[in-house]
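Next comes input.txt, with compact mmCIF, C-alpha atoms.
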```txt
# COMPACT_ATOMS: atom_id res chain seq x y z
CA MET E 1 128.04 107.62 91.00
CA ALA E 2 125.68 105.68 88.71
CA GLY E 3 128.57 103.55 87.47
CA GLN E 4 129.25 102.08 90.92
CA VAL E 5 127.79 98.66 91.63
CA SER E 6 127.98 97.17 95.14
CA SER E 7 128.07 93.37 95.18
CA PHE E 8 126.67 91.09 97.88
CA SER E 9 126.01 87.37 98.24
CA GLY E 10 123.09 85.54 99.81
CA HIS E 11 119.40 86.18 100.35
CA GLN E 12 119.71 87.55 103.89
CA TYR E 13 119.37 91.30 104.48
CA LEU E 14 117.92 91.79 100.98
CA ARG E 15 115.46 94.44 102.17
CA GLN E 16 117.96 96.71 103.88
CA ARG E 17 120.35 96.54 100.91
CA LEU E 18 117.61 97.54 98.47
CA VAL E 19 116.61 100.46 100.73
CA LEU E 20 120.22 101.69 101.00
CA SER E 21 120.59 101.30 97.24
CA VAL E 22 117.54 103.50 96.54
CA LEU E 23 118.59 106.17 99.06
CA SER E 24 122.25 106.30 97.96
CA GLY E 25 121.50 105.99 94.24
CA LYS E 26 124.09 103.19 93.89
CA SER E 27 123.23 100.06 91.96
CA VAL E 28 123.45 96.75 93.76
CA ARG E 29 124.09 93.20 92.54
CA ILE E 30 123.14 90.31 94.80
CA ASP E 31 124.20 86.80 93.75
CA LYS E 32 124.20 83.26 95.20
CA ILE E 33 120.58 83.72 96.36
CA ARG E 34 119.79 80.29 97.89
CA SER E 35 122.01 78.72 95.18
CA ALA E 36 122.50 75.54 97.26
CA ASP E 37 118.83 75.12 98.20
CA LYS E 38 116.36 72.57 96.84
CA ASN E 39 114.26 75.57 95.79
CA PRO E 40 116.90 78.04 94.54
CA GLY E 41 116.53 81.74 93.76
CA LEU E 42 114.25 84.50 94.95
CA GLN E 43 111.09 83.54 96.85
CA ASP E 44 107.65 84.93 95.92
CA TYR E 45 107.71 87.55 98.70
CA GLU E 46 111.13 88.85 97.60
CA ILE E 47 109.96 89.23 94.01
CA SER E 48 106.82 90.93 95.34
CA LEU E 49 109.01 93.38 97.30
CA LEU E 50 110.97 94.20 94.13
CA GLN E 51 107.67 94.83 92.32
CA LEU E 52 106.49 97.10 95.15
CA LEU E 53 109.74 99.12 95.02
CA GLU E 54 109.28 99.40 91.26
CA LYS E 55 105.77 100.85 91.80
CA ALA E 56 106.99 103.29 94.47
CA THR E 57 109.94 104.55 92.39
CA ASN E 58 110.39 105.93 88.89
CA GLY E 59 113.12 104.69 86.56
CA THR E 60 114.15 101.64 88.59
CA VAL E 61 115.61 98.80 86.52
CA ILE E 62 115.55 95.27 87.94
CA GLU E 63 117.27 92.38 86.18
CA ILE E 64 116.78 88.85 87.54
CA SER E 65 118.75 85.89 86.17
CA VAL E 66 116.91 82.92 84.64
CA THR E 67 117.44 80.78 87.75
CA GLY E 68 116.53 83.70 90.05
CA THR E 69 119.79 83.36 92.00
CA THR E 70 121.20 86.74 90.87
CA VAL E 71 119.48 90.14 90.85
CA LEU E 72 120.79 93.48 89.59
CA PHE E 73 118.95 96.49 91.02
CA LYS E 74 119.50 99.94 89.49
CA PRO E 75 117.53 102.44 91.58
CA GLY E 76 115.47 105.34 90.23
CA ILE E 77 113.95 108.24 92.15
CA ILE E 78 111.36 107.70 94.90
CA SER E 79 108.16 108.97 93.31
CA GLY E 80 105.61 108.05 96.01
CA GLY E 81 101.98 108.92 95.32
CA SER E 82 99.17 106.38 95.42
CA VAL E 83 100.32 102.74 95.38
CA THR E 84 98.22 99.58 95.84
CA HIS E 85 99.92 96.24 96.29
CA GLU E 86 98.73 92.72 97.04
CA CYS E 87 101.28 91.00 99.30
CA PRO E 88 101.77 87.22 98.98
CA LEU E 89 100.56 85.07 101.87
CA SER E 90 104.06 83.78 102.66
CA ARG E 91 104.91 86.97 104.65
CA ALA E 92 102.94 89.60 106.54
CA VAL E 93 102.49 93.19 105.29
CA GLY E 94 105.03 94.28 107.94
CA TYR E 95 107.77 92.77 105.75
CA PHE E 96 106.82 95.22 102.97
CA LEU E 97 105.98 98.20 105.17
CA GLU E 98 109.36 98.36 106.93
CA PRO E 99 111.40 99.29 103.84
CA LEU E 100 108.66 101.68 102.67
CA ILE E 101 108.75 103.55 106.00
CA MET E 102 112.49 104.10 105.52
CA LEU E 103 111.96 105.49 102.01
CA ALA E 104 108.65 107.36 102.32
CA PRO E 105 109.87 110.67 103.87
CA PHE E 106 112.26 111.20 100.94
CA SER E 107 109.82 110.74 98.07
CA LYS E 108 108.66 113.22 95.45
CA MET E 109 104.98 113.11 96.45
CA PRO E 110 103.42 112.09 99.78
CA PHE E 111 102.97 108.32 100.04
CA GLN E 112 99.52 106.73 100.05
CA VAL E 113 100.15 103.00 100.08
CA THR E 114 97.44 100.37 100.37
CA LEU E 115 98.73 96.87 101.17
CA GLN E 116 96.58 93.73 101.25
CA GLY E 117 97.48 90.42 102.86
CA ILE E 118 98.31 89.03 106.32
CA THR E 119 98.46 91.76 108.99
CA THR E 120 99.98 89.78 111.89
CA ASP E 121 102.27 86.76 111.89
CA ASP E 122 105.15 85.47 114.01
CA MET E 123 107.96 86.47 111.61
CA ASP E 124 107.47 90.16 110.83
CA LEU E 125 106.38 93.29 112.66
CA SER E 126 102.61 93.37 113.00
CA VAL E 127 100.61 96.37 111.83
CA ASP E 128 99.84 97.20 115.49
CA LEU E 129 103.54 97.49 116.32
CA ILE E 130 104.20 99.58 113.23
CA ARG E 131 101.33 101.93 114.10
CA THR E 132 102.11 102.32 117.80
CA VAL E 133 105.93 102.03 117.88
CA THR E 134 107.62 102.35 114.46
CA LEU E 135 105.81 105.50 113.34
CA PRO E 136 106.40 107.34 116.67
CA HIS E 137 110.14 106.65 116.14
CA LEU E 138 109.95 108.86 113.05
CA GLN E 139 108.90 111.75 115.32
CA LEU E 140 112.38 111.69 116.87
CA PHE E 141 113.62 112.95 113.51
CA GLY E 142 110.96 115.61 112.97
CA ILE E 143 108.66 113.52 110.75
CA SER E 144 105.33 113.72 112.54
CA ASP E 145 102.51 115.60 110.78
CA GLY E 146 100.41 113.36 108.59
CA VAL E 147 102.20 110.05 109.30
CA GLU E 148 99.45 107.51 109.72
CA LEU E 149 98.72 103.80 109.41
CA ARG E 150 95.06 102.84 109.12
CA ILE E 151 94.06 99.23 109.72
CA LYS E 152 91.03 98.79 107.44
CA LYS E 153 90.77 95.00 107.80
CA ARG E 154 92.71 92.46 109.80
CA GLY E 155 94.02 89.29 108.22
CA ALA E 156 95.36 86.32 110.17
CA PRO E 157 97.45 83.58 108.54
CA PRO E 158 97.08 81.42 106.49
CA GLU E 159 94.37 83.03 104.34
CA GLY E 160 95.02 86.70 105.16
CA GLY E 161 92.41 89.09 103.78
CA GLY E 162 93.68 92.13 105.71
CA GLU E 163 94.15 95.64 104.37
CA VAL E 164 96.16 98.60 105.69
CA GLN E 165 96.71 102.11 104.40
CA PHE E 166 99.98 103.95 105.05
CA LEU E 167 100.19 107.74 104.68
CA CYS E 168 103.45 109.67 104.97
CA PRO E 169 104.34 113.28 104.11
CA VAL E 170 107.61 114.29 102.44
CA VAL E 171 110.37 116.16 104.27
CA LYS E 172 113.30 118.20 103.00
CA GLN E 173 115.71 116.95 105.66
CA VAL E 174 115.65 114.93 108.88
CA LYS E 175 116.75 116.31 112.23
CA THR E 176 119.82 115.18 114.17
CA LEU E 177 119.06 112.77 117.01
CA ASN E 178 120.47 113.09 120.51
CA PHE E 179 118.86 110.41 122.66
CA VAL E 180 121.04 109.01 125.46
CA GLU E 181 118.74 109.02 128.50
CA PRO E 182 116.63 105.84 128.62
CA GLY E 183 114.67 107.00 131.71
CA LYS E 184 112.46 104.75 133.82
CA ILE E 185 109.45 102.81 132.56
CA LYS E 186 106.30 104.74 133.45
CA ARG E 187 103.49 102.99 131.63
CA ILE E 188 102.61 99.87 129.67
CA ARG E 189 100.06 99.82 126.87
CA GLY E 190 98.82 96.94 124.79
CA ILE E 191 96.41 95.79 122.10
CA ALA E 192 94.80 92.36 122.27
CA HIS E 193 93.04 91.51 119.05
CA ALA E 194 90.95 88.52 118.09
CA VAL E 195 89.43 87.79 114.67
CA ARG E 196 86.95 85.04 113.84
CA VAL E 197 87.26 83.56 117.35
CA SER E 198 85.37 84.23 120.56
CA PRO E 199 85.79 87.87 121.70
CA GLN E 200 86.41 86.37 125.15
CA PHE E 201 89.91 85.42 123.96
CA SER E 202 90.97 89.08 124.09
CA ASN E 203 89.81 89.39 127.70
CA ARG E 204 91.62 86.19 128.69
CA MET E 205 94.86 87.50 127.20
CA ILE E 206 94.44 90.80 129.03
CA ASP E 207 93.76 89.15 132.41
CA SER E 208 96.71 86.80 132.05
CA CYS E 209 99.03 89.63 130.99
CA ARG E 210 98.01 91.76 133.97
CA SER E 211 98.81 88.89 136.34
CA VAL E 212 102.47 89.15 135.27
CA LEU E 213 102.94 92.88 134.72
CA ASN E 214 100.91 94.29 137.62
CA ARG E 215 103.72 93.34 140.01
CA TYR E 216 105.98 95.94 138.41
CA ILE E 217 103.86 98.95 137.53
CA PRO E 218 100.26 100.04 138.15
CA ASP E 219 99.77 102.12 134.98
CA ILE E 220 98.76 99.37 132.55
CA TYR E 221 96.07 99.88 129.92
CA LEU E 222 95.35 97.00 127.56
CA TYR E 223 92.90 97.65 124.75
CA SER E 224 90.69 94.88 123.41
CA ASP E 225 90.32 95.15 119.64
CA VAL E 226 87.67 92.89 118.12
CA TYR E 227 86.98 93.07 114.39
CA LYS E 228 83.71 91.64 113.05
CA GLY E 229 82.37 90.45 109.71
CA GLU E 230 84.15 91.58 106.54
CA GLU E 231 86.82 93.48 108.46
CA SER E 232 88.09 90.38 110.24
CA GLY E 233 89.72 88.78 107.19
CA LYS E 234 89.50 85.15 106.13
CA SER E 235 91.17 83.16 108.92
CA PRO E 236 90.76 82.92 112.69
CA GLY E 237 93.58 84.18 114.90
CA TYR E 238 94.49 86.33 117.90
CA ALA E 239 97.59 88.12 119.13
CA LEU E 240 98.82 90.46 121.85
CA THR E 241 101.03 93.50 121.24
CA LEU E 242 102.69 95.20 124.25
CA LEU E 243 104.72 98.38 124.56
CA ALA E 244 106.40 99.99 127.55
CA GLU E 245 107.08 103.71 127.50
CA SER E 246 109.68 105.43 129.67
CA THR E 247 109.81 108.90 131.24
CA THR E 248 111.98 110.07 128.31
CA SER E 249 109.61 108.50 125.70
CA ALA E 250 111.83 105.49 124.96
CA ILE E 251 109.61 102.66 123.75
CA HIS E 252 110.22 98.91 124.11
CA CYS E 253 107.82 96.54 122.41
CA THR E 254 107.03 92.87 121.93
CA GLU E 255 104.22 90.76 120.56
CA ALA E 256 103.06 87.18 120.60
CA VAL E 257 100.80 85.42 118.12
CA ALA E 258 98.48 82.47 118.71
CA LYS E 259 99.91 79.06 117.86
CA PRO E 260 97.75 76.07 116.81
CA GLY E 261 96.66 74.25 119.96
CA GLY E 262 97.84 77.06 122.25
CA THR E 263 95.68 79.05 124.65
CA PRO E 264 95.23 82.83 125.03
CA GLU E 265 97.04 82.54 128.39
CA ASP E 266 100.13 81.12 126.65
CA VAL E 267 100.19 84.06 124.24
CA ALA E 268 99.87 86.57 127.09
CA LEU E 269 102.65 85.00 129.19
CA LEU E 270 104.96 84.82 126.18
CA ALA E 271 104.40 88.49 125.31
CA SER E 272 104.71 89.68 128.94
CA ARG E 273 107.97 87.84 129.60
CA ALA E 274 109.40 88.96 126.27
CA LEU E 275 108.56 92.58 127.17
CA LEU E 276 110.37 92.26 130.51
CA SER E 277 113.48 90.81 128.85
CA GLU E 278 113.37 93.58 126.20
CA ILE E 279 113.26 96.23 128.96
CA ARG E 280 116.13 94.46 130.70
CA ARG E 281 118.31 94.88 127.59
CA GLY E 282 118.10 98.63 128.21
CA GLY E 283 118.84 101.43 125.78
CA CYS E 284 116.52 104.02 124.29
CA ILE E 285 115.57 102.00 121.19
CA ASP E 286 114.38 98.40 121.16
CA ARG E 287 116.00 95.75 118.97
CA LYS E 288 113.31 95.75 116.29
CA HIS E 289 113.90 99.42 115.47
CA GLN E 290 117.67 99.77 115.74
CA SER E 291 118.27 99.78 111.99
CA LEU E 292 115.54 102.38 111.28
CA VAL E 293 117.02 104.76 113.86
CA LEU E 294 120.63 104.19 112.73
CA LEU E 295 119.64 104.88 109.10
CA MET E 296 117.89 108.15 110.01
CA MET E 297 120.93 109.17 112.08
CA VAL E 298 123.18 108.70 109.03
CA LEU E 299 120.79 110.69 106.82
CA GLY E 300 120.53 113.50 109.42
CA SER E 301 121.87 117.02 109.04
CA GLU E 302 125.65 117.51 109.09
CA ASP E 303 126.08 117.22 112.82
CA VAL E 304 126.94 114.52 115.34
CA GLY E 305 123.95 112.36 116.28
CA ARG E 306 124.05 110.19 119.41
CA CYS E 307 121.84 107.38 120.61
CA ARG E 308 121.99 104.82 123.40
CA MET E 309 121.03 101.26 122.52
CA GLY E 310 121.13 97.82 124.05
CA GLU E 311 123.04 94.93 122.54
CA ALA E 312 123.00 95.02 118.73
CA SER E 313 121.15 92.22 116.96
CA PRO E 314 122.98 90.39 114.11
CA ARG E 315 120.79 92.28 111.64
CA THR E 316 121.90 95.62 113.12
CA THR E 317 125.57 94.62 112.98
CA GLN E 318 125.27 93.77 109.28
CA PHE E 319 123.27 96.97 108.69
CA LEU E 320 126.16 99.05 110.07
CA ARG E 321 128.52 97.30 107.63
CA ASP E 322 126.14 97.94 104.73
CA ILE E 323 125.83 101.63 105.67
CA GLN E 324 129.62 101.85 105.46
CA THR E 325 129.50 100.27 101.98
CA PHE E 326 126.79 102.55 100.58
CA PHE E 327 127.37 105.87 102.38
CA GLY E 328 130.95 105.53 103.66
CA THR E 329 129.75 106.48 107.17
CA SER E 330 131.02 104.56 110.18
CA PHE E 331 129.71 104.76 113.72
CA LYS E 332 131.67 105.33 116.88
CA ILE E 333 130.43 102.80 119.43
CA VAL E 334 131.43 103.16 123.08
CA SER E 335 130.15 101.40 126.18
CA ALA E 336 127.50 103.41 128.04
CA ASN E 337 128.71 101.97 131.39
CA PRO E 338 132.48 101.44 131.18
CA SER E 339 132.60 100.83 134.96
CA ASP E 340 130.02 98.01 134.83
CA PRO E 341 131.05 95.29 132.33
CA SER E 342 127.83 93.31 132.91
CA ARG E 343 125.79 96.01 131.14
CA THR E 344 125.72 95.62 127.35
CA GLU E 345 124.40 99.08 126.46
CA SER E 346 126.42 101.21 124.06
CA ILE E 347 126.30 104.78 122.78
CA TYR E 348 126.29 104.98 119.00
CA SER E 349 127.40 108.26 117.46
CA CYS E 350 127.90 109.26 113.84
CA TYR E 351 128.29 112.33 111.68
CA GLY E 352 125.20 112.82 109.50
CA ILE E 353 125.70 113.10 105.74
CA GLY E 354 123.18 115.95 105.47
CA TYR E 355 120.92 114.02 103.07
CA VAL E 356 118.59 116.42 101.26
CA ASN E 357 115.42 115.20 99.56
CA VAL E 358 116.20 116.24 95.98
CA ASN E 359 113.14 114.39 94.67
CA ARG E 360 110.91 116.91 96.42
CA THR E 361 112.47 119.94 94.71
CA LEU E 362 111.64 118.42 91.30
CA ALA E 363 107.92 118.37 92.06
```
For the structure just supplied, provide its representation as structure tokens.
Amino acid sequence: MAGQVSSFSGHQYLRQRLVLSVLSGKSVRIDKIRSADKNPGLQDYEISLLQLLEKATNGTVIEISVTGTTVLFKPGIISGGSVTHECPLSRAVGYFLEPLIMLAPFSKMPFQVTLQGITTDDMDLSVDLIRTVTLPHLQLFGISDGVELRIKKRGAPPEGGGEVQFLCPVVKQVKTLNFVEPGKIKRIRGIAHAVRVSPQFSNRMIDSCRSVLNRYIPDIYLYSDVYKGEESGKSPGYALTLLAESTTSAIHCTEAVAKPGGTPEDVALLASRALLSEIRRGGCIDRKHQSLVLLMMVLGSEDVGRCRMGEASPRTTQFLRDIQTFFGTSFKIVSANPSDPSRTESIYSCYGIGYVNVNRTLA
């Protein structure tokens, strides 16, 4: 198994390929990384991610070519334990947390990761979304006790200064998922946070958001989260995170971040409309979490797992191809509403590989 090397080209989907490499134990070679760009090779945040994976694993070997356009990654075992990492200011901590969340349940020791940097930006999942949406998705697979994300300090771009702590226990095996009933939306929750700006901005976002969403559902609770002093990081900023929960506990989420020259009302309208269009896509899992759920379904016990999802994003489509490369598992995808061609929902089903956390038995 160790002799097999999977080869890929291009810088896209680097994170998911590294995660699959660590979990499957297969080495991976990625070449032509921005080879035609003015600034070729790996960017600072990609190198930082490789360093973080090296800290979180034991025995990982990473070879990067002189120009940085080729990387060979030979995975070790996921050791876990206490890890502290300073993330570069080019990406938010969500970029680094996502792959860690996929790996953490299968480590040797429970994870205690402290990440410093930007906590919310417009490219990656914010720490609020990870805390309120991503981590509850792990509960679908029986990973619930002791999973926690603590936001110690917030950090808005460009200076950052935020700090979060991620705790995750280890599991022997994940459960099989059977989630095909999306249910009806029963409540909407949200977090409006403002750092180093007037606390009134949070209230303005909340009022504006209610003006859109109150037409659809009365059960809306939006929490105003204002950090002061040291805990508010180094730059001013504000954002709104929204999530809608259904009667069967399906969660759809969106967020919007303040833009220079924009108003809190703009942020609220953007987030509210995005939430409505996310709900309209249907399914039990929103687009941001499709790959996490599909990965856990593949790693599940040797049984057929089923899940209903809306239209797959390009990232999800590529993720399914990569899963086939690393684990040899393919999904059966059938339309959830064959009689109604206008609906894009599908039911994804696969046979779990029965992945057992061997790292844990070594401890």
Set out as a tab-separated table a contact list for range 124-242 of chain E and range 99-112 of chain E with a cut-off of 6 Å, giving each residue of range 124-242 of chain E that qualifies its closest atom pair and distance in Å to one decimal, counting all atoms listed in the file, ordered by chain and rising residue number.
```
residue	atom	partner	partner_atom	distance
E:Phe166	CA	E:Gln112	CA	5.7
E:Leu167	CA	E:Gln112	CA	4.8
E:Cys168	CA	E:Phe111	CA	5.1
E:Pro169	CA	E:Pro110	CA	4.6
E:Val170	CA	E:Pro105	CA	4.5
E:Val171	CA	E:Pro105	CA	5.5
```
query = Pick the closest to Gln4 in chain E from E:Lys184, E:Lys38, E:Lys74, E:Lys55: which is it, counting only C-alpha atoms?
reply = E:Lys74
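For the pair CA of Pro236 in chain E and CA of Pro158 in chain E, the interatomic distance is 9.0 Å.
When CA of Pro88 in chain E is paired with CA of Gly161 in chain E, their separation reads 10.7 Å.
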request  = Determine, counting all atoms listed in the file, which protein, DNA and RNA residues have an atom within 7 Å of an atom of Cys209 in chain E; residues of the same chain fewer than 3 positions away are not included. Present the result as JSON, numbers by chain.
outcome  = {"E": [205, 206, 212, 213, 268, 269, 272]}
ask   = So which residues fall inside 12 Å of (115.2, 93.2, 98.0) if we count all atoms listed in the file? Mind giving them as a count of residues only?
value = 45
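With distances restricted to only C-alpha atoms, E:Pro40 is the closest residue to Gly68 in chain E from E:Gly328, E:Gly352, E:Pro341, E:Pro40.
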task = Could you tell me how far CA of Thr344 in chain E lies from CA of Phe319 in chain E, in Å and to one decimal?
result = 18.9 Å
request  = Would you please work out which residue, of E:Pro136, E:Gly233, E:Pro157, E:Pro264, is nearest to Pro199 in chain E when using all atoms listed in the file?
outcome  = E:Pro264
Test item: residues at most 12 Å from Leu270 in chain E, all atoms listed in the file, excluding those fewer than 5 positions along its chain, as a PDB file with C-alpha atoms, in the frame of the given file:
```
ATOM      1  CA  MET E 205      94.860  87.500 127.200  1.00  0.00           C
ATOM      2  CA  SER E 208      96.710  86.800 132.050  1.00  0.00           C
ATOM      3  CA  CYS E 209      99.030  89.630 130.990  1.00  0.00           C
ATOM      4  CA  VAL E 212     102.470  89.150 135.270  1.00  0.00           C
ATOM      5  CA  LEU E 213     102.940  92.880 134.720  1.00  0.00           C
ATOM      6  CA  ALA E 239      97.590  88.120 119.130  1.00  0.00           C
ATOM      7  CA  LEU E 240      98.820  90.460 121.850  1.00  0.00           C
ATOM      8  CA  THR E 241     101.030  93.500 121.240  1.00  0.00           C
ATOM      9  CA  LEU E 242     102.690  95.200 124.250  1.00  0.00           C
ATOM     10  CA  THR E 254     107.030  92.870 121.930  1.00  0.00           C
ATOM     11  CA  GLU E 255     104.220  90.760 120.560  1.00  0.00           C
ATOM     12  CA  ALA E 256     103.060  87.180 120.600  1.00  0.00           C
ATOM     13  CA  VAL E 257     100.800  85.420 118.120  1.00  0.00           C
ATOM     14  CA  ALA E 258      98.480  82.470 118.710  1.00  0.00           C
ATOM     15  CA  LYS E 259      99.910  79.060 117.860  1.00  0.00           C
ATOM     16  CA  GLY E 262      97.840  77.060 122.250  1.00  0.00           C
ATOM     17  CA  THR E 263      95.680  79.050 124.650  1.00  0.00           C
ATOM     18  CA  PRO E 264      95.230  82.830 125.030  1.00  0.00           C
ATOM     19  CA  GLU E 265      97.040  82.540 128.390  1.00  0.00           C
ATOM     20  CA  LEU E 275     108.560  92.580 127.170  1.00  0.00           C
ATOM     21  CA  LEU E 276     110.370  92.260 130.510  1.00  0.00           C
ATOM     22  CA  SER E 277     113.480  90.810 128.850  1.00  0.00           C
TER      23      SER E 277
END
```
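Remark: for Thr120 in chain E, the closest of the candidate residues E:Val174, E:Ala194, E:Val133, E:Ala336 is E:Ala194 (distances computed over all atoms listed in the file).
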ask   = Excluding same-chain residues fewer than 6 positions from Phe331 in chain E, what lies within 9 Å of it counting all atoms listed in the file, as a list in words?
value = Val298, Leu320, Gln324, Tyr348, Ser349, Cys350 and Tyr351 of chain E
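Residues with any atom within 10 Å of Ile217 in chain E, counting only C-alpha atoms and excluding same-chain neighbours fewer than 2 positions away, are Ile185, Lys186, Arg187, Ile188, Arg210, Leu213, Asn214, Arg215, Asp219 and Ile220 of chain E.
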query = Which of these residues is nearest to Leu135 in chain E, using all atoms listed in the file: E:Val358, E:Ser35, E:Arg150, E:Ser27?
reply = E:Arg150
remark   = Using all atoms listed in the file, the residue out of E:Thr119, E:Ser65, E:Ser198, E:Gln173 with shortest distance to Gly41 in chain E is E:Ser65
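The point (95.5, 98.8, 103.0) has these residues within 7 Å of it, counting only C-alpha atoms: E:Val113, E:Thr114, E:Leu115, E:Gln116, E:Ile151, E:Lys152, E:Glu163, E:Val164, E:Gln165.
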